[in-house]
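Heads up, target38.csv below (CSV, C-alpha atoms and all ligand atoms):
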chain,number,residue,atom,x,y,z
L,144,MET,CA,67.3,120.8,96.3
L,145,PRO,CA,69.5,123.0,94.1
L,146,ASP,CA,73.2,122.0,94.0
L,147,SER,CA,74.3,125.3,95.6
L,148,GLN,CA,72.0,124.7,98.6
L,149,HIS,CA,73.1,121.1,98.9
L,150,ILE,CA,76.8,122.0,98.8
L,151,ALA,CA,76.2,124.7,101.5
L,152,SER,CA,74.5,122.3,103.8
L,153,ILE,CA,77.2,119.7,103.2
L,154,ARG,CA,79.9,122.3,104.0
L,155,ALA,CA,78.1,123.3,107.1
L,156,ALA,CA,78.4,119.7,108.3
L,157,LEU,CA,82.2,119.5,107.6
L,158,PRO,CA,84.0,121.8,110.0
L,159,ALA,CA,87.5,121.1,108.5
L,160,VAL,CA,86.5,122.2,105.0
L,161,ASN,CA,85.9,125.7,106.3
L,162,GLN,CA,89.4,126.0,107.7
L,163,TYR,CA,91.1,126.0,104.3
L,164,ALA,CA,90.6,124.7,100.7
L,165,TYR,CA,90.4,121.0,101.6
L,166,LEU,CA,91.9,119.5,98.5
L,167,ASN,CA,93.7,116.4,99.9
L,168,THR,CA,91.1,113.7,100.5
L,169,GLY,CA,93.6,111.3,99.0
L,170,THR,CA,95.4,111.5,102.4
L,171,CYS,CA,92.4,111.8,104.7
L,172,GLY,CA,88.8,113.0,104.2
L,173,PRO,CA,87.1,115.5,106.5
L,174,LEU,CA,84.9,114.2,109.3
L,175,PRO,CA,81.2,115.1,109.1
L,176,GLN,CA,79.6,116.5,112.3
L,177,PRO,CA,77.5,113.4,113.0
L,178,ALA,CA,80.7,111.3,113.0
L,179,ILE,CA,82.5,113.8,115.2
L,180,ASP,CA,79.6,113.6,117.6
L,181,ALA,CA,79.5,109.8,117.5
L,182,LEU,CA,83.2,109.5,118.1
L,183,ALA,CA,83.2,112.0,120.9
L,184,SER,CA,80.1,110.6,122.6
L,185,ALA,CA,81.5,107.0,122.5
L,186,ALA,CA,84.9,108.1,123.8
L,187,ARG,CA,83.1,110.1,126.6
L,188,ASP,CA,81.0,107.1,127.5
L,189,GLN,CA,84.1,104.9,127.7
L,190,ALA,CA,85.9,107.5,129.9
L,191,GLU,CA,82.9,108.2,132.2
L,192,GLN,CA,81.3,104.8,132.4
L,193,GLY,CA,84.4,102.6,132.1
L,194,ARG,CA,84.6,99.8,129.7
L,195,ILE,CA,83.5,96.8,131.8
L,196,GLN,CA,79.8,96.5,131.0
L,197,THR,CA,80.4,93.3,129.2
L,198,GLU,CA,76.7,92.8,128.8
L,199,LEU,CA,76.8,95.7,126.3
L,200,TYR,CA,79.0,93.7,124.1
L,201,PHE,CA,76.2,91.4,123.2
L,202,SER,CA,73.3,93.8,123.4
L,203,LYS,CA,74.8,96.8,121.7
L,204,TYR,CA,78.4,96.7,120.5
L,205,LEU,CA,78.3,93.5,118.4
L,206,PRO,CA,74.9,94.5,116.8
L,207,ASP,CA,76.3,97.9,116.0
L,208,MET,CA,79.4,96.4,114.4
L,209,HIS,CA,77.1,94.3,112.3
L,210,ARG,CA,75.2,97.6,111.3
L,211,LEU,CA,78.6,98.9,110.1
L,212,ARG,CA,79.2,95.8,108.0
L,213,VAL,CA,75.7,96.2,106.6
L,214,GLU,CA,76.5,99.8,105.7
L,215,PHE,CA,79.8,98.9,104.0
L,216,ALA,CA,78.1,96.1,102.1
L,217,LYS,CA,75.5,98.5,100.7
L,218,LEU,CA,78.2,100.6,99.2
L,219,PHE,CA,79.6,97.6,97.4
L,220,GLY,CA,76.3,96.1,96.3
L,221,ALA,CA,77.4,93.1,98.2
L,222,ALA,CA,76.0,90.7,100.9
L,223,THR,CA,76.9,91.6,104.4
L,224,ASP,CA,78.3,88.2,104.9
L,225,ASP,CA,81.1,89.1,102.4
L,226,VAL,CA,82.6,92.0,104.3
L,227,ALA,CA,84.9,91.9,107.3
L,228,LEU,CA,85.9,94.9,109.5
L,229,THR,CA,89.6,95.7,109.3
L,230,HIS,CA,91.7,98.6,110.4
L,231,ASN,CA,92.7,100.1,107.1
L,232,THR,CA,93.5,99.3,103.4
L,233,THR,CA,96.9,97.8,104.2
L,234,ASP,CA,95.3,95.5,106.8
L,235,GLY,CA,92.9,94.1,104.2
L,236,ILE,CA,95.6,93.6,101.6
L,237,ASN,CA,97.7,91.8,104.2
L,238,ILE,CA,94.8,89.5,105.1
L,239,ALA,CA,94.3,88.6,101.4
L,240,VAL,CA,98.0,88.2,100.6
L,241,TRP,CA,99.1,86.1,103.6
L,242,GLY,CA,95.9,84.0,103.6
L,243,GLN,CA,96.7,82.2,100.3
L,244,ASP,CA,97.9,78.6,100.2
L,245,TRP,CA,101.3,79.6,98.7
L,246,ARG,CA,103.7,77.2,97.2
L,247,ALA,CA,107.4,78.1,96.5
L,248,GLY,CA,108.0,79.1,92.9
L,249,GLU,CA,104.5,80.7,92.4
L,250,GLU,CA,104.2,84.3,91.5
L,251,VAL,CA,102.8,87.2,93.4
L,252,VAL,CA,102.2,90.2,91.0
L,253,VAL,CA,102.2,93.9,91.7
L,254,THR,CA,102.4,96.9,89.4
L,255,ASP,CA,104.5,100.1,89.4
L,256,LEU,CA,101.4,102.1,90.2
L,257,GLU,CA,101.1,100.7,93.8
L,258,HIS,CA,101.4,102.1,97.2
L,259,GLU,CA,103.7,100.6,99.9
L,260,GLY,CA,100.5,99.1,101.4
L,261,GLY,CA,100.1,96.9,98.3
L,262,VAL,CA,103.7,96.2,97.5
L,263,MET,CA,105.2,95.5,100.9
L,264,PRO,CA,102.9,92.6,101.8
L,265,ALA,CA,103.7,91.1,98.4
L,266,ILE,CA,107.5,91.5,98.9
L,267,LEU,CA,107.4,90.0,102.4
L,268,ALA,CA,105.2,87.1,101.3
L,269,ALA,CA,107.6,86.5,98.3
L,270,ARG,CA,110.6,86.3,100.8
L,271,LYS,CA,108.8,84.1,103.3
L,272,PHE,CA,107.3,81.6,100.9
L,273,GLY,CA,109.9,81.6,98.2
L,274,LEU,CA,107.6,83.2,95.6
L,275,ASN,CA,108.7,85.2,92.6
L,276,LEU,CA,107.7,88.8,92.7
L,277,ARG,CA,106.6,90.1,89.2
L,278,THR,CA,106.1,93.8,88.7
L,279,LEU,CA,103.9,94.9,85.8
L,280,SER,CA,104.9,98.2,84.3
L,281,LEU,CA,101.7,100.3,84.0
L,282,LEU,CA,102.8,103.8,84.6
L,283,ASP,CA,102.9,104.5,80.8
L,284,CYS,CA,99.9,102.4,80.0
L,285,PRO,CA,96.5,104.0,79.1
L,286,PRO,CA,93.9,102.7,81.5
L,287,ALA,CA,91.9,101.0,78.7
L,288,ASP,CA,95.0,98.9,77.7
L,289,VAL,CA,95.7,97.7,81.3
L,290,PRO,CA,93.6,94.5,81.0
L,291,ASN,CA,95.4,93.4,77.8
L,292,ARG,CA,98.8,94.1,79.4
L,293,ILE,CA,97.7,92.1,82.4
L,294,GLU,CA,96.6,89.2,80.3
L,295,ASP,CA,99.8,89.3,78.3
L,296,GLN,CA,102.2,89.5,81.2
L,297,LEU,CA,100.7,87.1,83.7
L,298,THR,CA,102.1,83.6,83.5
L,299,PRO,CA,100.8,80.2,84.5
L,300,ALA,CA,102.6,80.7,87.8
L,301,SER,CA,100.8,84.0,88.6
L,302,ARG,CA,98.6,83.3,91.6
L,303,LEU,CA,97.7,86.7,93.0
L,304,LEU,CA,97.8,90.2,91.5
L,305,VAL,CA,97.7,93.2,93.8
L,306,ILE,CA,96.5,96.3,91.9
L,307,SER,CA,94.9,99.6,92.7
L,308,HIS,CA,91.4,100.6,91.4
L,309,VAL,CA,92.6,104.2,91.4
L,310,SER,CA,96.4,104.7,91.5
L,311,TRP,CA,97.9,107.1,94.1
L,312,SER,CA,100.9,107.5,91.8
L,313,ASN,CA,99.1,108.9,88.7
L,314,GLY,CA,95.4,109.0,89.5
L,315,ALA,CA,94.4,106.5,86.8
L,316,LEU,CA,91.0,104.9,87.3
L,317,LEU,CA,91.5,101.4,86.0
L,318,PRO,CA,88.7,99.3,84.4
L,319,LEU,CA,87.8,97.0,87.2
L,320,ASP,CA,85.5,94.5,85.4
L,321,GLU,CA,88.0,94.0,82.5
L,322,ILE,CA,90.9,93.6,84.9
L,323,MET,CA,89.1,90.9,86.8
L,324,GLN,CA,88.2,89.1,83.5
L,325,ALA,CA,91.8,89.3,82.3
L,326,ALA,CA,93.3,88.0,85.5
L,327,HIS,CA,90.8,85.3,85.9
L,328,ALA,CA,91.3,84.2,82.3
L,329,ARG,CA,94.9,83.5,83.4
L,330,GLY,CA,93.8,81.7,86.6
L,331,CYS,CA,95.1,84.6,88.8
L,332,GLN,CA,93.1,86.0,91.7
L,333,VAL,CA,93.1,89.8,92.3
L,334,VAL,CA,93.5,91.9,95.5
L,335,ILE,CA,92.2,95.4,94.8
L,336,ASP,CA,93.7,98.3,96.7
L,337,ALA,CA,90.6,100.5,97.0
L,338,ALA,CA,92.2,103.3,99.1
L,339,GLN,CA,91.5,105.9,96.4
L,340,SER,CA,88.3,104.5,94.9
L,341,ALA,CA,85.9,103.5,97.7
L,342,GLY,CA,83.7,106.5,98.1
L,343,ALA,CA,84.9,108.2,94.9
L,344,VAL,CA,83.4,106.0,92.2
L,345,PRO,CA,80.3,103.8,92.0
L,346,LEU,CA,80.8,100.1,92.9
L,347,ASP,CA,79.1,96.8,92.3
L,348,LEU,CA,81.7,94.4,93.4
L,349,PRO,CA,79.8,91.1,92.7
L,350,VAL,CA,79.0,92.3,89.2
L,351,SER,CA,82.6,93.3,88.6
L,352,GLY,CA,83.7,89.8,89.7
L,353,VAL,CA,86.1,91.2,92.4
L,354,ASP,CA,87.9,88.7,94.6
L,355,TYR,CA,89.2,91.0,97.4
L,356,TYR,CA,88.6,94.7,97.8
L,357,ALA,CA,90.5,96.4,100.6
L,358,VAL,CA,89.1,99.7,101.8
L,359,PRO,CA,90.1,102.4,104.3
L,360,GLY,CA,87.6,104.5,106.3
L,361,GLN,CA,89.6,107.6,106.6
L,362,LYS,CA,89.8,108.8,103.0
L,363,TRP,CA,86.9,109.1,100.5
L,364,LEU,CA,84.5,107.6,103.1
L,365,CYS,CA,85.1,110.5,105.5
L,366,GLY,CA,85.5,108.2,108.5
L,367,PRO,CA,88.0,108.0,111.4
L,368,GLU,CA,91.4,106.4,111.1
L,369,GLY,CA,91.8,102.8,112.3
L,370,ILE,CA,88.8,101.3,110.7
L,371,GLY,CA,88.2,99.9,107.2
L,372,THR,CA,86.8,96.9,105.5
L,373,LEU,CA,87.7,94.0,103.3
L,374,TYR,CA,85.2,92.5,100.8
L,375,VAL,CA,85.9,88.8,100.0
L,376,SER,CA,83.8,87.2,97.3
L,377,PRO,CA,82.1,83.9,98.2
L,378,ALA,CA,84.4,82.1,95.8
L,379,ALA,CA,87.6,83.7,97.2
L,380,MET,CA,86.4,82.9,100.7
L,381,GLU,CA,86.7,79.2,99.9
L,382,ARG,CA,90.4,79.7,99.1
L,383,LEU,CA,91.4,82.2,101.8
L,384,SER,CA,92.5,81.1,105.3
L,385,PRO,CA,92.7,83.5,108.2
L,386,THR,CA,96.4,84.2,109.1
L,387,TYR,CA,95.8,85.5,112.5
L,388,THR,CA,92.7,85.0,114.5
L,389,GLY,CA,90.8,85.6,117.8
L,390,TYR,CA,87.4,85.5,119.3
L,391,PHE,CA,85.7,87.9,116.8
L,392,ALA,CA,86.4,85.3,114.1
L,393,MET,CA,84.7,82.3,115.8
L,394,ASN,CA,81.1,81.3,115.0
L,395,MET,CA,79.4,83.1,117.8
L,396,GLU,CA,76.1,81.6,116.8
L,397,ALA,CA,77.3,78.0,117.5
L,398,PRO,CA,77.1,77.1,121.2
L,399,ASP,CA,80.5,75.4,121.6
L,400,CYS,CA,82.5,76.8,118.8
L,401,TRP,CA,85.9,76.5,120.5
L,402,SER,CA,87.7,74.5,123.2
L,403,CYS,CA,91.2,74.5,124.7
L,404,TYR,CA,91.5,70.9,123.2
L,405,GLY,CA,91.6,72.0,119.6
L,406,HIS,CA,88.0,72.5,118.6
L,407,LEU,CA,87.4,75.6,116.6
L,408,GLU,CA,84.5,76.6,114.4
L,409,LEU,CA,85.1,79.8,112.5
L,410,ALA,CA,82.3,82.2,111.4
L,411,PRO,CA,80.7,80.9,108.2
L,412,ASN,CA,81.2,84.4,106.6
L,413,ALA,CA,83.9,87.0,106.2
L,414,ARG,CA,83.9,87.7,109.9
L,415,ARG,CA,86.3,84.8,110.1
L,416,PHE,CA,89.0,87.3,108.8
L,417,GLU,CA,88.5,89.6,111.8
L,418,ALA,CA,90.4,88.8,115.0
L,419,SER,CA,89.8,90.7,118.1
L,420,SER,CA,88.7,93.9,119.9
L,421,ILE,CA,88.4,97.1,117.9
L,422,TYR,CA,88.3,100.8,118.9
L,423,LEU,CA,84.6,101.3,119.5
L,424,PRO,CA,84.5,105.1,119.1
L,425,GLY,CA,85.9,104.4,115.6
L,426,VAL,CA,83.1,102.0,114.8
L,427,TYR,CA,80.5,104.6,115.8
L,428,GLY,CA,82.3,107.4,113.9
L,429,MET,CA,82.5,105.3,110.8
L,430,LEU,CA,78.9,104.2,111.0
L,431,ALA,CA,77.8,107.8,111.3
L,432,SER,CA,80.0,108.9,108.4
L,433,LEU,CA,78.6,106.2,106.1
L,434,GLN,CA,75.0,106.9,107.1
L,435,TRP,CA,75.5,110.7,106.5
L,436,LEU,CA,77.0,110.0,103.1
L,437,ARG,CA,74.2,107.8,102.1
L,438,LYS,CA,71.3,109.7,103.5
L,439,GLU,CA,72.4,113.3,103.5
L,440,VAL,CA,74.9,113.6,100.7
L,441,GLY,CA,73.7,110.8,98.4
L,442,TRP,CA,76.2,108.4,96.8
L,443,ASP,CA,75.3,109.1,93.2
L,444,TRP,CA,75.4,112.9,93.8
L,445,ALA,CA,78.8,112.6,95.5
L,446,PHE,CA,80.3,110.5,92.7
L,447,ALA,CA,79.0,112.8,90.0
L,448,ARG,CA,80.3,115.9,91.9
L,449,ILE,CA,83.8,114.4,92.5
L,450,ALA,CA,84.0,113.6,88.7
L,451,HIS,CA,82.7,117.1,87.8
L,452,LEU,CA,85.2,118.9,90.0
L,453,HIS,CA,88.0,116.7,88.7
L,454,ARG,CA,87.2,117.7,85.1
L,455,TYR,CA,86.9,121.3,86.2
L,456,ALA,CA,90.4,121.2,87.9
L,457,ARG,CA,91.8,119.4,84.9
L,458,GLY,CA,90.5,122.1,82.5
L,459,LEU,CA,91.7,125.0,84.6
L,460,LEU,CA,95.2,123.7,85.6
L,461,GLY,CA,95.6,122.4,82.0
L,462,ARG,CA,95.6,126.0,80.8
L,463,ASN,CA,98.8,126.7,82.8
L,464,SER,CA,101.6,126.0,80.3
L,465,ARG,CA,104.1,125.6,83.2
L,466,LEU,CA,102.3,122.6,84.6
L,467,ARG,CA,102.3,119.1,83.0
L,468,LEU,CA,99.2,117.2,84.0
L,469,PHE,CA,99.8,113.4,83.7
L,470,THR,CA,96.7,111.8,85.2
L,471,PRO,CA,95.2,109.7,82.4
L,472,ASP,CA,91.6,109.7,81.4
L,473,PRO,CA,89.5,108.2,83.0
L,474,ALA,CA,90.3,109.3,86.5
L,475,ALA,CA,88.3,109.5,89.7
L,476,GLY,CA,89.1,112.3,92.3
L,477,LEU,CA,92.9,112.6,91.9
L,478,LEU,CA,94.7,114.9,89.6
L,479,HIS,CA,98.5,114.8,89.4
L,480,PHE,CA,100.8,117.3,87.8
L,481,TYR,CA,104.5,118.0,87.4
L,482,LEU,CA,106.1,121.4,87.9
L,483,PRO,CA,108.9,122.7,85.7
L,484,ALA,CA,112.1,120.8,86.5
L,485,ASP,CA,113.7,123.7,88.3
L,486,VAL,CA,110.8,124.2,90.7
L,487,SER,CA,110.6,122.2,93.9
L,488,PRO,CA,107.2,120.6,94.6
L,489,GLU,CA,107.9,121.0,98.4
L,490,PHE,CA,108.5,124.7,98.0
L,491,ILE,CA,105.3,125.2,95.9
L,492,ASN,CA,103.3,123.1,98.3
L,493,SER,CA,104.5,125.1,101.3
L,494,GLU,CA,103.6,128.3,99.5
L,495,LEU,CA,100.1,126.9,98.8
L,496,ILE,CA,99.7,126.0,102.5
L,497,ARG,CA,100.5,129.6,103.4
L,498,ARG,CA,97.6,130.5,101.1
L,499,ASP,CA,95.3,128.0,102.9
L,500,LEU,CA,95.3,125.7,99.8
L,501,ARG,CA,95.8,122.1,101.0
L,502,ILE,CA,97.0,119.7,98.3
L,503,ARG,CA,100.0,117.4,98.6
L,504,THR,CA,103.3,116.3,97.1
L,505,ILE,CA,103.8,112.7,96.0
L,506,PRO,CA,107.5,112.4,96.7
L,507,HIS,CA,108.3,109.2,94.7
L,508,MET,CA,106.7,110.9,91.6
L,509,ALA,CA,108.2,114.3,92.3
L,510,CYS,CA,104.8,115.8,91.6
L,511,LEU,CA,101.8,117.5,93.2
L,512,ARG,CA,98.3,116.0,93.6
L,513,VAL,CA,94.9,117.6,93.9
L,514,SER,CA,92.0,115.6,95.4
L,515,THR,CA,88.6,117.0,94.5
L,516,GLY,CA,86.0,116.1,97.2
L,517,PHE,CA,82.3,116.5,96.7
L,518,TRP,CA,82.3,119.4,99.2
L,519,ASN,CA,84.8,121.5,97.3
L,520,THR,CA,83.7,124.5,95.3
L,521,GLU,CA,84.7,125.7,91.9
L,522,GLU,CA,86.0,128.9,93.6
L,523,GLU,CA,88.5,126.9,95.6
L,524,ILE,CA,89.9,125.3,92.4
L,525,ASP,CA,89.9,128.8,90.8
L,526,GLU,CA,92.0,130.0,93.8
L,527,LEU,CA,94.4,127.1,93.5
L,528,ALA,CA,94.8,127.7,89.7
L,529,ALA,CA,95.4,131.5,90.4
L,530,ALA,CA,98.0,130.7,93.1
L,531,LEU,CA,99.9,128.3,90.9
L,532,GLU,CA,99.9,130.9,88.1
L,533,GLU,CA,101.3,133.5,90.4
L,534,LEU,CA,103.9,131.2,92.0
L,535,LEU,CA,105.1,129.9,88.7
L,536,GLU,CA,105.1,133.2,86.9
L,537,GLN,CA,108.2,133.5,84.9
L,538,PRO,CA,110.4,136.6,85.4
L,539,ALA,CA,109.9,139.0,82.6
Z,601,LIG,C1,96.6,103.6,97.0
Z,601,LIG,C2,96.8,103.5,98.5
Z,601,LIG,N1,97.0,102.3,99.1
Z,601,LIG,C3,97.2,102.2,100.4
Z,601,LIG,C4,97.3,103.3,101.2
Z,601,LIG,C5,97.5,103.1,102.7
Z,601,LIG,O1,96.2,103.3,103.3
Z,601,LIG,P1,95.9,102.8,104.8
Z,601,LIG,O2,96.5,103.8,105.7
Z,601,LIG,O3,94.4,102.8,104.8
Z,601,LIG,O4,96.5,101.4,104.9
Z,601,LIG,C6,97.2,104.6,100.7
Z,601,LIG,C7,97.3,105.8,101.5
Z,601,LIG,O5,97.4,106.9,101.1
Z,601,LIG,C8,96.9,104.7,99.3
Z,601,LIG,O6,96.8,105.9,98.7

Would it be possible to restate this file's structure as structure tokens?
Ligand SMILES: Cc1ncc(COP(=O)(O)O)c(C=O)c1O
Amino acid sequence: MPDSQHIASIRAALPAVNQYAYLNTGTCGPLPQPAIDALASAARDQAEQGRIQTELYFSKYLPDMHRLRVEFAKLFGAATDDVALTHNTTDGINIAVWGQDWRAGEEVVVTDLEHEGGVMPAILAARKFGLNLRTLSLLDCPPADVPNRIEDQLTPASRLLVISHVSWSNGALLPLDEIMQAAHARGCQVVIDAAQSAGAVPLDLPVSGVDYYAVPGQKWLCGPEGIGTLYVSPAAMERLSPTYTGYFAMNMEAPDCWSCYGHLELAPNARRFEASSIYLPGVYGMLASLQWLRKEVGWDWAFARIAHLHRYARGLLGRNSRLRLFTPDPAAGLLHFYLPADVSPEFINSELIRRDLRIRTIPHMACLRVSTGFWNTEEEIDELAAALEELLEQPA
């Protein structure tokens, strides 16, 4: 199928992208029609049929949750046993950070590229367990040099590094395999914040040697909010304990897996990091999004299109001398730029919204950020570039 036809059929399946130029997937992706239908139909069933057909839990809901884990695992090139369902990125990072066997004086390491969802669990764990918090400075570091900087700056006390695959602060796409090698060479495990990478770049987590990969549904995977996944490698699973738990975590295949007298057999796989009931319409919506992405959009096509549109936006916005693009190369689907110092990002953003161009400000960086989704068109990016030219035109 020619690209133009493919893009037209994708756009027909994404109602929100026809409301305005949808250039902010870094916040939330658009829901495809099959996911909208699945969400609505599951919510309607719950409303009309009630939620007390417990027999459906075993005959339908648990198998469908398993289908969702299977679908996530395919995206990672991983075994289904190595993925747990979570609620979002932050949930997955918390599971990985809190579940370590921490000893006072050890180091938990973050970087200055991280989101609150990565930094806050590390800060609280440091306070609670008497850890040292080390922050690596990477904002000025070319992505290719990041593994060296990690290897130089980790110490023998560094136990766990929390780092984004794609940074929300500057859009850098970091070299995953080399980061894993560098940290492992220093005896440090790594939690990857995958909020801006899962669904935007190709992944093979076992080949990359990833320990923990925390993923949201609602961004580049075009799913609902409230559902995500955490990949835990088999080696990391040996070291990680569940911090909170509940009946979803027990070994449901074993006949007497728990008792009120202290017996508990946890699931032999990453399901042991799940806890309890989950919003079922979210499960059905997420499953429908992932299936639509794999079968109708095509992962490889989506990754290539995101990268192409990123380059297109970089080339076009780069021609505007009033903008300073600072996303390093390589990048994924995020492009960050500064405005002249006397122009407020909030003002420009509100003017763009008035023109139906939806990007966003990143307040802690005082910049603007464009996300290029696979559904976007070159024309939308042309419109954005033209609007920025007009808004930043200098008085003669
Ligand atoms: C890099 C990064 N990490 C974490 C988060 C938080 O995501 P979630 O709401 O899935 O926890 C975001 C949200 O924008 C993000 O960009």

- Check which residues fall inside 7 Å of ligand LIG 601 (chain Z) when counting all atoms listed in the file, and print them as a PyMOL selection string. chain L and resi 169-170+231-234+257-261+307+309-311+336-339+358-359

- Task: Could you jot down the CA of Ala186 (chain L) to CA of Met429 (chain L) separation for me, Å, one decimal place?
- Result: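 These atoms are spaced 13.5 Å apart.
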
- Query: So how far away is CA of Gly389 (chain L) from CA of Cys403 (chain L), in Å?
  - Reply: 13.1 Å

- Message: Which residues are near Leu279 (chain L)? Cut-off 9 Å, all atoms listed in the file, ignore same chain within fewer than 6 positions. Put them as a VMD selection string.
- Response: chain L and resid 252 to 256 292 to 293 296 to 297

- Message: For a test of reading the model, state the distance in Å between CA of Gln189 (chain L) and CA of Glu214 (chain L), rounded to one decimal.
- Response: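 So the two atoms, CA of Gln189 (chain L) and CA of Glu214 (chain L), lie 23.8 Å apart.
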
- Contact residues around region 495-504 of chain L with only C-alpha atoms at 7 Å, ignoring same-chain residues under 3 positions, as a list in words: Tyr163, Ala164, Tyr165, Leu166, Asn167, Pro488, Glu489, Ile491, Asn492, Cys510, Leu511, Arg512, Val513 and Leu527 of chain L

- Quick one: everything within 8 Å of Gly352 (chain L), counting only C-alpha atoms, minus sequence neighbours fewer than 6 positions away in the same chain. Send it as JSON, numbers by chain. {"L": [320, 323, 324]}

Generate a file of the selected residues that holds C-alpha atoms, formatted as a compact mmCIF listing (two decimals), keeping the file's coordinate frame.
# COMPACT_ATOMS: atom_id res chain seq x y z
CA ASP L 320 85.50 94.50 85.40
CA MET L 323 89.10 90.90 86.80
CA GLN L 324 88.20 89.10 83.50

- Item | Surrounding residues of Tyr455 (chain L) excluding itself and chain neighbours under 3 positions, 10 Å, all atoms listed in the file, as a PyMOL selection string | chain L and resi 449-452+458-461+515+521+524-525

Based on the selection just made, write C-alpha atoms of those residues as a CSV table (one decimal), in the coordinates of the input.
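What landed in selection25.csv:
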chain,number,residue,atom,x,y,z
L,449,ILE,CA,83.8,114.4,92.5
L,450,ALA,CA,84.0,113.6,88.7
L,451,HIS,CA,82.7,117.1,87.8
L,452,LEU,CA,85.2,118.9,90.0
L,458,GLY,CA,90.5,122.1,82.5
L,459,LEU,CA,91.7,125.0,84.6
L,460,LEU,CA,95.2,123.7,85.6
L,461,GLY,CA,95.6,122.4,82.0
L,515,THR,CA,88.6,117.0,94.5
L,521,GLU,CA,84.7,125.7,91.9
L,524,ILE,CA,89.9,125.3,92.4
L,525,ASP,CA,89.9,128.8,90.8

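With all atoms listed in the file as the atoms that count, the minimum distance from Arg210 (chain L) to the choices L:Met144, L:Leu430, L:Ala379, L:Val350 is reached by L:Leu430.
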
- Item | Nearby residues (all atoms listed in the file) at most 6 Å from region 408-417 of chain L, same-chain spacing under 6 positions excluded, as a PyMOL selection string | chain L and resi 224-227+385+391-394+400
